[in-house]
Structure formats: C-alpha cells, structure tokens
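Novice: File follows, my_file_30.pdb with PDB, N, CA and C atoms:
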```
ATOM      1  N   MET A   1     125.238  98.482 101.022
ATOM      2  CA  MET A   1     124.261  98.478  99.951
ATOM      3  C   MET A   1     124.737  99.417  98.839
ATOM      4  N   THR A   2     124.603  98.956  97.602
ATOM      5  CA  THR A   2     124.986  99.813  96.487
ATOM      6  C   THR A   2     123.892 100.835  96.228
ATOM      7  N   THR A   3     124.210 101.819  95.400
ATOM      8  CA  THR A   3     123.227 102.849  95.060
ATOM      9  C   THR A   3     122.007 102.231  94.381
ATOM     10  N   ILE A   4     122.245 101.237  93.520
ATOM     11  CA  ILE A   4     121.129 100.573  92.815
ATOM     12  C   ILE A   4     120.272  99.796  93.815
ATOM     13  N   GLU A   5     120.914  99.051  94.734
ATOM     14  CA  GLU A   5     120.157  98.299  95.738
ATOM     15  C   GLU A   5     119.351  99.239  96.627
ATOM     16  N   LEU A   6     119.953 100.356  97.001
ATOM     17  CA  LEU A   6     119.266 101.336  97.831
ATOM     18  C   LEU A   6     118.050 101.903  97.108
ATOM     19  N   ALA A   7     118.204 102.232  95.829
ATOM     20  CA  ALA A   7     117.083 102.757  95.035
ATOM     21  C   ALA A   7     115.982 101.712  94.905
ATOM     22  N   ASP A   8     116.378 100.440  94.680
ATOM     23  CA  ASP A   8     115.384  99.369  94.577
ATOM     24  C   ASP A   8     114.636  99.201  95.892
ATOM     25  N   ASN A   9     115.371  99.282  96.994
ATOM     26  CA  ASN A   9     114.774  99.144  98.318
ATOM     27  C   ASN A   9     113.802 100.288  98.592
ATOM     28  N   GLU A  10     114.185 101.504  98.214
ATOM     29  CA  GLU A  10     113.304 102.659  98.403
ATOM     30  C   GLU A  10     112.037 102.528  97.555
ATOM     31  N   ALA A  11     112.187 102.044  96.324
ATOM     32  CA  ALA A  11     111.023 101.850  95.444
ATOM     33  C   ALA A  11     110.106 100.767  96.011
ATOM     34  N   LEU A  12     110.692  99.690  96.518
ATOM     35  CA  LEU A  12     109.898  98.622  97.116
ATOM     36  C   LEU A  12     109.157  99.134  98.344
ATOM     37  N   THR A  13     109.856  99.877  99.190
ATOM     38  CA  THR A  13     109.219 100.419 100.388
ATOM     39  C   THR A  13     108.088 101.374 100.025
ATOM     40  N   ALA A  14     108.284 102.186  98.993
ATOM     41  CA  ALA A  14     107.219 103.097  98.546
ATOM     42  C   ALA A  14     106.000 102.300  98.080
ATOM     43  N   GLY A  15     106.215 101.200  97.379
ATOM     44  CA  GLY A  15     105.111 100.341  96.945
ATOM     45  C   GLY A  15     104.392  99.703  98.122
ATOM     46  N   ILE A  16     105.163  99.309  99.127
ATOM     47  CA  ILE A  16     104.574  98.708 100.332
ATOM     48  C   ILE A  16     103.727  99.746 101.066
ATOM     49  N   ILE A  17     104.238 100.955 101.191
ATOM     50  CA  ILE A  17     103.476 102.026 101.853
ATOM     51  C   ILE A  17     102.184 102.302 101.093
ATOM     52  N   ALA A  18     102.258 102.344  99.773
ATOM     53  CA  ALA A  18     101.043 102.559  98.969
ATOM     54  C   ALA A  18     100.033 101.442  99.225
ATOM     55  N   ALA A  19     100.513 100.208  99.323
ATOM     56  CA  ALA A  19      99.614  99.077  99.603
ATOM     57  C   ALA A  19      99.007  99.206 100.998
ATOM     58  N   LEU A  20      99.815  99.602 101.975
ATOM     59  CA  LEU A  20      99.308  99.764 103.341
ATOM     60  C   LEU A  20      98.248 100.854 103.424
ATOM     61  N   ARG A  21      98.354 101.840 102.560
ATOM     62  CA  ARG A  21      97.360 102.920 102.559
ATOM     63  C   ARG A  21      96.011 102.463 102.004
ATOM     64  N   THR A  22      95.935 101.235 101.473
ATOM     65  CA  THR A  22      94.647 100.704 101.009
ATOM     66  C   THR A  22      93.913  99.951 102.123
ATOM     67  N   VAL A  23      94.589  99.757 103.256
ATOM     68  CA  VAL A  23      93.994  99.049 104.395
ATOM     69  C   VAL A  23      93.513 100.092 105.396
ATOM     70  N   HIS A  24      92.239 100.006 105.746
ATOM     71  CA  HIS A  24      91.648 101.000 106.653
ATOM     72  C   HIS A  24      91.242 100.375 107.976
ATOM     73  N   ASP A  25      91.423 101.140 109.030
ATOM     74  CA  ASP A  25      90.945 100.741 110.346
ATOM     75  C   ASP A  25      89.421 100.811 110.291
ATOM     76  N   PRO A  26      88.717  99.733 110.635
ATOM     77  CA  PRO A  26      87.255  99.752 110.524
ATOM     78  C   PRO A  26      86.573 100.704 111.506
ATOM     79  N   GLU A  27      87.243 101.052 112.605
ATOM     80  CA  GLU A  27      86.631 101.939 113.587
ATOM     81  C   GLU A  27      86.886 103.406 113.281
ATOM     82  N   ILE A  28      87.986 103.690 112.596
ATOM     83  CA  ILE A  28      88.329 105.062 112.214
ATOM     84  C   ILE A  28      88.523 105.028 110.705
ATOM     85  N   PRO A  29      87.753 105.749 109.937
ATOM     86  CA  PRO A  29      87.805 105.629 108.471
ATOM     87  C   PRO A  29      89.073 106.238 107.857
ATOM     88  N   VAL A  30      90.236 105.732 108.293
ATOM     89  CA  VAL A  30      91.521 106.244 107.839
ATOM     90  C   VAL A  30      92.424 105.044 107.587
ATOM     91  N   ASN A  31      93.335 105.179 106.623
ATOM     92  CA  ASN A  31      94.243 104.066 106.357
ATOM     93  C   ASN A  31      95.220 103.879 107.514
ATOM     94  N   ILE A  32      95.660 102.640 107.690
ATOM     95  CA  ILE A  32      96.472 102.295 108.857
ATOM     96  C   ILE A  32      97.864 102.918 108.831
ATOM     97  N   TYR A  33      98.382 103.228 107.643
ATOM     98  CA  TYR A  33      99.719 103.832 107.576
ATOM     99  C   TYR A  33      99.680 105.266 108.099
ATOM    100  N   ASP A  34      98.763 106.069 107.567
ATOM    101  CA  ASP A  34      98.668 107.466 108.004
ATOM    102  C   ASP A  34      98.120 107.597 109.424
ATOM    103  N   LEU A  35      97.431 106.564 109.872
ATOM    104  CA  LEU A  35      96.942 106.542 111.249
ATOM    105  C   LEU A  35      98.093 106.296 112.230
ATOM    106  N   GLY A  36      99.211 105.825 111.715
ATOM    107  CA  GLY A  36     100.388 105.602 112.553
ATOM    108  C   GLY A  36     100.452 104.223 113.178
ATOM    109  N   LEU A  37      99.723 103.265 112.592
ATOM    110  CA  LEU A  37      99.717 101.919 113.157
ATOM    111  C   LEU A  37     100.900 101.064 112.693
ATOM    112  N   ILE A  38     101.607 101.515 111.660
ATOM    113  CA  ILE A  38     102.764 100.777 111.156
ATOM    114  C   ILE A  38     104.020 101.326 111.815
ATOM    115  N   TYR A  39     104.707 100.477 112.558
ATOM    116  CA  TYR A  39     105.903 100.897 113.287
ATOM    117  C   TYR A  39     107.194 100.587 112.527
ATOM    118  N   ARG A  40     107.185  99.521 111.710
ATOM    119  CA  ARG A  40     108.417  99.132 111.012
ATOM    120  C   ARG A  40     108.063  98.396 109.732
ATOM    121  N   ILE A  41     108.784  98.751 108.662
ATOM    122  CA  ILE A  41     108.708  98.045 107.378
ATOM    123  C   ILE A  41     110.144  97.709 107.029
ATOM    124  N   GLU A  42     110.439  96.427 106.902
ATOM    125  CA  GLU A  42     111.815  96.042 106.613
ATOM    126  C   GLU A  42     111.871  94.969 105.532
ATOM    127  N   PRO A  43     112.190  95.387 104.295
ATOM    128  CA  PRO A  43     112.399  94.399 103.236
ATOM    129  C   PRO A  43     113.675  93.606 103.518
ATOM    130  N   LYS A  44     113.608  92.312 103.316
ATOM    131  CA  LYS A  44     114.747  91.409 103.541
ATOM    132  C   LYS A  44     115.067  90.702 102.227
ATOM    133  N   ASP A  45     116.151  89.924 102.258
ATOM    134  CA  ASP A  45     116.524  89.144 101.078
ATOM    135  C   ASP A  45     115.441  88.129 100.739
ATOM    136  N   GLY A  46     115.376  87.768  99.469
ATOM    137  CA  GLY A  46     114.442  86.744  99.028
ATOM    138  C   GLY A  46     112.996  87.188  98.953
ATOM    139  N   GLY A  47     112.741  88.496  98.979
ATOM    140  CA  GLY A  47     111.376  88.994  98.840
ATOM    141  C   GLY A  47     110.563  88.995 100.118
ATOM    142  N   LEU A  48     111.219  88.723 101.248
ATOM    143  CA  LEU A  48     110.524  88.764 102.537
ATOM    144  C   LEU A  48     110.394  90.215 102.998
ATOM    145  N   VAL A  49     109.230  90.547 103.522
ATOM    146  CA  VAL A  49     109.014  91.865 104.123
ATOM    147  C   VAL A  49     108.497  91.646 105.533
ATOM    148  N   GLU A  50     109.192  92.245 106.494
ATOM    149  CA  GLU A  50     108.760  92.188 107.884
ATOM    150  C   GLU A  50     108.077  93.507 108.230
ATOM    151  N   ILE A  51     106.932  93.402 108.870
ATOM    152  CA  ILE A  51     106.168  94.588 109.263
ATOM    153  C   ILE A  51     105.791  94.446 110.735
ATOM    154  N   ASP A  52     106.091  95.489 111.503
ATOM    155  CA  ASP A  52     105.601  95.576 112.876
ATOM    156  C   ASP A  52     104.474  96.590 112.865
ATOM    157  N   MET A  53     103.361  96.212 113.448
ATOM    158  CA  MET A  53     102.221  97.124 113.507
ATOM    159  C   MET A  53     101.544  97.004 114.849
ATOM    160  N   THR A  54     100.714  97.975 115.141
ATOM    161  CA  THR A  54      99.956  97.957 116.380
ATOM    162  C   THR A  54      98.493  98.219 116.060
ATOM    163  N   LEU A  55      97.708  98.343 117.078
ATOM    164  CA  LEU A  55      96.281  98.642 116.942
ATOM    165  C   LEU A  55      95.971  99.886 117.760
ATOM    166  N   THR A  56      94.870 100.540 117.440
ATOM    167  CA  THR A  56      94.498 101.725 118.219
ATOM    168  C   THR A  56      94.134 101.343 119.649
ATOM    169  N   ALA A  57      93.675 100.102 119.835
ATOM    170  CA  ALA A  57      93.343  99.600 121.170
ATOM    171  C   ALA A  57      93.662  98.106 121.205
ATOM    172  N   PRO A  58      94.281  97.627 122.284
ATOM    173  CA  PRO A  58      94.643  96.208 122.362
ATOM    174  C   PRO A  58      93.457  95.250 122.185
ATOM    175  N   GLY A  59      92.269  95.657 122.563
ATOM    176  CA  GLY A  59      91.102  94.791 122.453
ATOM    177  C   GLY A  59      90.367  94.904 121.132
ATOM    178  N   CYS A  60      91.018  95.380 120.101
ATOM    179  CA  CYS A  60      90.377  95.571 118.801
ATOM    180  C   CYS A  60      89.735  94.262 118.331
ATOM    181  N   PRO A  61      88.428  94.285 118.040
ATOM    182  CA  PRO A  61      87.731  93.054 117.673
ATOM    183  C   PRO A  61      88.143  92.476 116.305
ATOM    184  N   VAL A  62      88.789  93.255 115.468
ATOM    185  CA  VAL A  62      89.184  92.746 114.149
ATOM    186  C   VAL A  62      90.704  92.603 114.019
ATOM    187  N   ALA A  63      91.399  92.456 115.144
ATOM    188  CA  ALA A  63      92.868  92.389 115.133
ATOM    189  C   ALA A  63      93.371  91.306 114.180
ATOM    190  N   GLY A  64      92.868  90.103 114.307
ATOM    191  CA  GLY A  64      93.307  89.001 113.451
ATOM    192  C   GLY A  64      93.032  89.268 111.989
ATOM    193  N   GLU A  65      91.864  89.794 111.713
ATOM    194  CA  GLU A  65      91.516  90.119 110.334
ATOM    195  C   GLU A  65      92.412  91.212 109.772
ATOM    196  N   MET A  66      92.713  92.211 110.579
ATOM    197  CA  MET A  66      93.529  93.323 110.103
ATOM    198  C   MET A  66      94.928  92.848 109.715
ATOM    199  N   LEU A  67      95.487  91.929 110.481
ATOM    200  CA  LEU A  67      96.802  91.379 110.137
ATOM    201  C   LEU A  67      96.753  90.693 108.774
ATOM    202  N   SER A  68      95.694  89.945 108.508
ATOM    203  CA  SER A  68      95.600  89.286 107.199
ATOM    204  C   SER A  68      95.337  90.290 106.084
ATOM    205  N   TRP A  69      94.623  91.384 106.367
ATOM    206  CA  TRP A  69      94.431  92.434 105.351
ATOM    207  C   TRP A  69      95.770  93.047 104.967
ATOM    208  N   VAL A  70      96.615  93.290 105.983
ATOM    209  CA  VAL A  70      97.945  93.857 105.735
ATOM    210  C   VAL A  70      98.779  92.883 104.907
ATOM    211  N   GLU A  71      98.780  91.623 105.316
ATOM    212  CA  GLU A  71      99.559  90.604 104.604
ATOM    213  C   GLU A  71      99.112  90.501 103.149
ATOM    214  N   LYS A  72      97.809  90.492 102.920
ATOM    215  CA  LYS A  72      97.288  90.383 101.555
ATOM    216  C   LYS A  72      97.667  91.607 100.723
ATOM    217  N   ALA A  73      97.484  92.793 101.261
ATOM    218  CA  ALA A  73      97.784  94.022 100.512
ATOM    219  C   ALA A  73      99.260  94.088 100.139
ATOM    220  N   VAL A  74     100.136  93.797 101.086
ATOM    221  CA  VAL A  74     101.573  93.910 100.837
ATOM    222  C   VAL A  74     102.055  92.796  99.924
ATOM    223  N   SER A  75     101.471  91.612 100.023
ATOM    224  CA  SER A  75     101.909  90.493  99.178
ATOM    225  C   SER A  75     101.630  90.743  97.695
ATOM    226  N   GLU A  76     100.756  91.687  97.390
ATOM    227  CA  GLU A  76     100.447  92.004  95.993
ATOM    228  C   GLU A  76     101.431  92.992  95.375
ATOM    229  N   VAL A  77     102.379  93.506  96.172
ATOM    230  CA  VAL A  77     103.393  94.439  95.672
ATOM    231  C   VAL A  77     104.456  93.638  94.914
ATOM    232  N   GLY A  78     104.831  94.107  93.740
ATOM    233  CA  GLY A  78     105.862  93.446  92.953
ATOM    234  C   GLY A  78     107.163  93.349  93.727
ATOM    235  N   GLY A  79     107.768  92.170  93.724
ATOM    236  CA  GLY A  79     109.024  91.968  94.438
ATOM    237  C   GLY A  79     108.836  91.391  95.831
ATOM    238  N   VAL A  80     107.607  91.361  96.315
ATOM    239  CA  VAL A  80     107.323  90.793  97.636
ATOM    240  C   VAL A  80     106.897  89.338  97.456
ATOM    241  N   GLU A  81     107.618  88.453  98.119
ATOM    242  CA  GLU A  81     107.310  87.027  98.057
ATOM    243  C   GLU A  81     106.599  86.534  99.311
ATOM    244  N   LYS A  82     106.980  87.096 100.455
ATOM    245  CA  LYS A  82     106.403  86.662 101.722
ATOM    246  C   LYS A  82     106.315  87.854 102.656
ATOM    247  N   VAL A  83     105.243  87.909 103.445
ATOM    248  CA  VAL A  83     105.027  89.009 104.389
ATOM    249  C   VAL A  83     104.899  88.422 105.793
ATOM    250  N   ALA A  84     105.687  88.948 106.712
ATOM    251  CA  ALA A  84     105.606  88.551 108.114
ATOM    252  C   ALA A  84     105.134  89.770 108.904
ATOM    253  N   VAL A  85     103.902  89.714 109.390
ATOM    254  CA  VAL A  85     103.328  90.829 110.148
ATOM    255  C   VAL A  85     103.358  90.460 111.625
ATOM    256  N   ARG A  86     103.936  91.351 112.411
ATOM    257  CA  ARG A  86     104.032  91.128 113.846
ATOM    258  C   ARG A  86     103.253  92.217 114.559
ATOM    259  N   LEU A  87     102.395  91.814 115.462
ATOM    260  CA  LEU A  87     101.592  92.752 116.239
ATOM    261  C   LEU A  87     102.367  93.124 117.500
ATOM    262  N   VAL A  88     102.581  94.419 117.697
ATOM    263  CA  VAL A  88     103.330  94.902 118.861
ATOM    264  C   VAL A  88     102.500  95.965 119.590
ATOM    265  N   PHE A  89     102.766  96.113 120.868
ATOM    266  CA  PHE A  89     102.044  97.119 121.655
ATOM    267  C   PHE A  89     102.996  98.035 122.418
ATOM    268  N   ASP A  90     104.282  97.979 122.056
ATOM    269  CA  ASP A  90     105.270  98.840 122.692
ATOM    270  C   ASP A  90     106.086  99.516 121.611
ATOM    271  N   PRO A  91     106.011 100.823 121.486
ATOM    272  CA  PRO A  91     105.284 101.727 122.372
ATOM    273  C   PRO A  91     103.787 101.703 122.061
ATOM    274  N   PRO A  92     102.969 102.012 123.042
ATOM    275  CA  PRO A  92     101.530 102.062 122.800
ATOM    276  C   PRO A  92     101.194 103.144 121.765
ATOM    277  N   TRP A  93     100.194 102.861 120.952
ATOM    278  CA  TRP A  93      99.754 103.834 119.948
ATOM    279  C   TRP A  93      99.040 104.988 120.641
ATOM    280  N   ASP A  94      99.253 106.189 120.128
ATOM    281  CA  ASP A  94      98.444 107.338 120.544
ATOM    282  C   ASP A  94      98.323 108.280 119.341
ATOM    283  N   THR A  95      97.506 109.283 119.470
ATOM    284  CA  THR A  95      97.191 110.154 118.332
ATOM    285  C   THR A  95      98.388 110.930 117.803
ATOM    286  N   SER A  96      99.467 111.017 118.567
ATOM    287  CA  SER A  96     100.650 111.727 118.079
ATOM    288  C   SER A  96     101.303 111.000 116.898
ATOM    289  N   ARG A  97     100.973 109.743 116.685
ATOM    290  CA  ARG A  97     101.545 108.963 115.589
ATOM    291  C   ARG A  97     100.826 109.222 114.253
ATOM    292  N   MET A  98      99.679 109.883 114.302
ATOM    293  CA  MET A  98      98.922 110.190 113.077
ATOM    294  C   MET A  98      99.618 111.285 112.272
ATOM    295  N   THR A  99      99.424 111.248 110.959
ATOM    296  CA  THR A  99      99.924 112.350 110.140
ATOM    297  C   THR A  99      99.055 113.574 110.407
ATOM    298  N   ASP A 100      99.582 114.747 110.105
ATOM    299  CA  ASP A 100      98.805 115.974 110.298
ATOM    300  C   ASP A 100      97.549 115.985 109.434
ATOM    301  N   ASP A 101      97.628 115.409 108.230
ATOM    302  CA  ASP A 101      96.448 115.343 107.355
ATOM    303  C   ASP A 101      95.322 114.557 108.022
ATOM    304  N   VAL A 102      95.662 113.453 108.665
ATOM    305  CA  VAL A 102      94.653 112.642 109.342
ATOM    306  C   VAL A 102      94.089 113.390 110.547
ATOM    307  N   LYS A 103      94.974 114.026 111.306
ATOM    308  CA  LYS A 103      94.492 114.811 112.453
ATOM    309  C   LYS A 103      93.517 115.896 112.001
ATOM    310  N   LEU A 104      93.830 116.538 110.896
ATOM    311  CA  LEU A 104      92.955 117.571 110.339
ATOM    312  C   LEU A 104      91.618 116.948 109.919
ATOM    313  N   GLU A 105      91.703 115.827 109.200
ATOM    314  CA  GLU A 105      90.492 115.133 108.726
ATOM    315  C   GLU A 105      89.578 114.723 109.869
ATOM    316  N   LEU A 106      90.184 114.317 110.989
ATOM    317  CA  LEU A 106      89.404 113.862 112.136
ATOM    318  C   LEU A 106      89.068 114.989 113.115
ATOM    319  N   GLY A 107      89.437 116.226 112.755
ATOM    320  CA  GLY A 107      89.108 117.374 113.588
ATOM    321  C   GLY A 107      89.966 117.495 114.826
ATOM    322  N   LEU A 108      91.178 116.954 114.782
ATOM    323  CA  LEU A 108      92.064 117.009 115.939
ATOM    324  C   LEU A 108      93.079 118.144 115.851
ATOM    325  N   LEU A 109      93.046 118.892 114.748
ATOM    326  CA  LEU A 109      93.929 120.050 114.582
ATOM    327  C   LEU A 109      93.113 121.303 114.437
TER     328      LEU A 109
END
```
Could you spell out this file's structure in structure tokens?
Specialist:
Amino acid sequence: MTTIELADNEALTAGIIAALRTVHDPEIPVNIYDLGLIYRIEPKDGGLVEIDMTLTAPGCPVAGEMLSWVEKAVSEVGGVEKVAVRLVFDPPWDTSRMTDDVKLELGLL
C-alpha cells in the first residue's frame, strides 16, 4: 500500500468508527464501538467494508435489527459502497472489551 492509499484507508476507517459510534446497544445506553462489540473493520477494494461484530449476549432480542443499524450507519460513510456485517461469538464478549470511558460511565471503574 502506498502512503496515499494508507492515509485514505485510515481516513475511511475513522469515518466508519464515527458512524459506528452512532449505533447504541438498546440494553446498555452506550455506542457499540466503545462497548467493544466491533471486532474487525476491514475496508476492501470497490468500496466494500467487512465488519465482524458480536453482541453482549447471544440471545439479544434485537440482534437482527442491530446488524441492519450497523449496515445503515456505515453505508452512509463517503467511499463505502457495500457493507458486509458478520455476527461472531468467538471470542465471547466481556466487559474487558469496553473502553475505560465506558467503564467509568457505567460505574465499573
């Protein structure tokens, strides 16, 4: 990757992260990125973005809806043509994946 491509990729990823921070877990009033539910963001050629994410609990009643919220938010980022969201449960999510700000906000620090 050239320096320009790397910078473009970093800018795109920053935009994707900002979009993900607009999606909130309905059970915990925190955005899914800082909650640690996003495991992988990978921009690909042709404007495709692959995202691996998990849920705080496998039985989450809004799992299907949350995937579409992520897809919609990320698809609005400039340069993104298609979003492929994959739900994964390995490794299982736990509170160690949260940012310190979120832990503080939720009284866990």
Novice: Any chance you could list, as number ranges by chain, the residues in chain A that come up alpha helix (DSSP H) when DSSP is run on the backbone?
Specialist: A: 3-20, 63-75, 100-105
Novice: Would you mind listing what lies within 8 Å of Thr56 of chain A as a list in words, with only N, CA and C atoms counted and same-chain residues fewer than 4 positions away left out?
Specialist: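 Those residues are Gly36, Leu37, Cys60, Pro92, Trp93 and Asp94 of chain A.
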Novice: Counting only C-alpha atoms, which residue out of A:Met98, A:Ala84, A:Leu109, A:Val70 sits closest to His24 of chain A?
Specialist: A:Val70
Novice: Smallest atom-to-atom distance to Gly15 of chain A: which of A:Lys103, A:Pro91, A:Ala73, A:Lys82, using all atoms listed in the file?
Specialist: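 Ranked by minimum distance to Gly15 of chain A, first place goes to A:Ala73.
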Novice: Tell me, which residues of chain A carry DSSP strand (DSSP E or B), written as a PyMOL selection string?
Specialist: chain A and resi 24+31+38-43+48-53+82-87
Novice: For a quick check of understanding, using all atoms listed in the file, which of A:Asp100, A:Pro26, A:Glu105, A:Leu55 has the smallest distance to Ile38 of chain A?
Specialist: A:Leu55
Novice: Would you compute the distance between atom N of Lys44 of chain A and atom N of Leu67 of chain A? Give it in Å to one decimal.
Specialist: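 Separation between atom N of Lys44 of chain A and atom N of Leu67 of chain A: 19.5 Å.
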Novice: Please compute the atom CA of Glu76 of chain A-atom CA of Asp34 of chain A distance, one decimal, in Å.
Specialist: 19.7 Å
Novice: With distances taken over only C-alpha atoms, which residue among A:Ile17, A:Val30, A:Gly79, A:Asp25 lies nearest Leu104 of chain A?
Specialist: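 So, comparing all the options, the nearest one is A:Val30.
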Novice: To one decimal in Å, tell me the separation between atom CA of Leu48 of chain A and atom CA of Val80 of chain A.
Specialist: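 About the pair atom CA of Leu48 of chain A and atom CA of Val80 of chain A: they are 6.2 Å apart.
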Novice: Determine the axis-aligned bounding box of all atoms of segment 51-70 of chain A present in the file, pad each side by 8 Å, and express its centre and edge lengths in Å to one decimal place as JSON.
Specialist:
```
{"center_x": 97.3, "center_y": 95.4, "center_z": 113.7, "size_x": 35.2, "size_y": 28.7, "size_z": 33.7}
```
Novice: I need the residue set behind the PyMOL selection byres (((chain A and resi 18 and name CA) around 12) and name CA) for this file; please write it as a PyMOL selection string.
Specialist: chain A and resi 11-17+19-23+31-34+70+73-74+76-78
Novice: Since we have the selection now, will you write its residues out, keeping N, CA and C atoms, as an mmCIF file, in the frame of the given file?
Specialist:
```
data_model
loop_
_atom_site.group_PDB
_atom_site.id
_atom_site.type_symbol
_atom_site.label_atom_id
_atom_site.label_comp_id
_atom_site.auth_asym_id
_atom_site.auth_seq_id
_atom_site.Cartn_x
_atom_site.Cartn_y
_atom_site.Cartn_z
ATOM 1 N N ALA A 11 112.187 102.044 96.324
ATOM 2 C CA ALA A 11 111.023 101.850 95.444
ATOM 3 C C ALA A 11 110.106 100.767 96.011
ATOM 4 N N LEU A 12 110.692 99.690 96.518
ATOM 5 C CA LEU A 12 109.898 98.622 97.116
ATOM 6 C C LEU A 12 109.157 99.134 98.344
ATOM 7 N N THR A 13 109.856 99.877 99.190
ATOM 8 C CA THR A 13 109.219 100.419 100.388
ATOM 9 C C THR A 13 108.088 101.374 100.025
ATOM 10 N N ALA A 14 108.284 102.186 98.993
ATOM 11 C CA ALA A 14 107.219 103.097 98.546
ATOM 12 C C ALA A 14 106.000 102.300 98.080
ATOM 13 N N GLY A 15 106.215 101.200 97.379
ATOM 14 C CA GLY A 15 105.111 100.341 96.945
ATOM 15 C C GLY A 15 104.392 99.703 98.122
ATOM 16 N N ILE A 16 105.163 99.309 99.127
ATOM 17 C CA ILE A 16 104.574 98.708 100.332
ATOM 18 C C ILE A 16 103.727 99.746 101.066
ATOM 19 N N ILE A 17 104.238 100.955 101.191
ATOM 20 C CA ILE A 17 103.476 102.026 101.853
ATOM 21 C C ILE A 17 102.184 102.302 101.093
ATOM 22 N N ALA A 19 100.513 100.208 99.323
ATOM 23 C CA ALA A 19 99.614 99.077 99.603
ATOM 24 C C ALA A 19 99.007 99.206 100.998
ATOM 25 N N LEU A 20 99.815 99.602 101.975
ATOM 26 C CA LEU A 20 99.308 99.764 103.341
ATOM 27 C C LEU A 20 98.248 100.854 103.424
ATOM 28 N N ARG A 21 98.354 101.840 102.560
ATOM 29 C CA ARG A 21 97.360 102.920 102.559
ATOM 30 C C ARG A 21 96.011 102.463 102.004
ATOM 31 N N THR A 22 95.935 101.235 101.473
ATOM 32 C CA THR A 22 94.647 100.704 101.009
ATOM 33 C C THR A 22 93.913 99.951 102.123
ATOM 34 N N VAL A 23 94.589 99.757 103.256
ATOM 35 C CA VAL A 23 93.994 99.049 104.395
ATOM 36 C C VAL A 23 93.513 100.092 105.396
ATOM 37 N N ASN A 31 93.335 105.179 106.623
ATOM 38 C CA ASN A 31 94.243 104.066 106.357
ATOM 39 C C ASN A 31 95.220 103.879 107.514
ATOM 40 N N ILE A 32 95.660 102.640 107.690
ATOM 41 C CA ILE A 32 96.472 102.295 108.857
ATOM 42 C C ILE A 32 97.864 102.918 108.831
ATOM 43 N N TYR A 33 98.382 103.228 107.643
ATOM 44 C CA TYR A 33 99.719 103.832 107.576
ATOM 45 C C TYR A 33 99.680 105.266 108.099
ATOM 46 N N ASP A 34 98.763 106.069 107.567
ATOM 47 C CA ASP A 34 98.668 107.466 108.004
ATOM 48 C C ASP A 34 98.120 107.597 109.424
ATOM 49 N N VAL A 70 96.615 93.290 105.983
ATOM 50 C CA VAL A 70 97.945 93.857 105.735
ATOM 51 C C VAL A 70 98.779 92.883 104.907
ATOM 52 N N ALA A 73 97.484 92.793 101.261
ATOM 53 C CA ALA A 73 97.784 94.022 100.512
ATOM 54 C C ALA A 73 99.260 94.088 100.139
ATOM 55 N N VAL A 74 100.136 93.797 101.086
ATOM 56 C CA VAL A 74 101.573 93.910 100.837
ATOM 57 C C VAL A 74 102.055 92.796 99.924
ATOM 58 N N GLU A 76 100.756 91.687 97.390
ATOM 59 C CA GLU A 76 100.447 92.004 95.993
ATOM 60 C C GLU A 76 101.431 92.992 95.375
ATOM 61 N N VAL A 77 102.379 93.506 96.172
ATOM 62 C CA VAL A 77 103.393 94.439 95.672
ATOM 63 C C VAL A 77 104.456 93.638 94.914
ATOM 64 N N GLY A 78 104.831 94.107 93.740
ATOM 65 C CA GLY A 78 105.862 93.446 92.953
ATOM 66 C C GLY A 78 107.163 93.349 93.727
#
```
Novice: Give as a list in words every residue, naming chains and numbers as the document does, that has an atom within 8 Å of (110.1, 92.4, 107.0), counting all atoms listed in the file.
Specialist: Arg40, Ile41, Glu42, Pro43, Lys44, Gly47, Leu48, Val49, Glu50, Ile51, Asp52, Lys82, Val83, Ala84 and Val85 of chain A
Novice: Using all atoms listed in the file, which residue out of A:Leu106, A:Arg97, A:Asp8, A:Gly59 lies closest to Leu35 of chain A?
Specialist: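 Going through A:Leu106, A:Arg97, A:Asp8, A:Gly59 one by one, the smallest distance to Leu35 of chain A is for A:Arg97.
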Novice: Find the residues around Asp90 of chain A up to 8 Å (all atoms listed in the file counted), leave out those fewer than 3 positions away in its own chain, and share them as number ranges by chain.
Specialist: A: 53-54, 87, 93
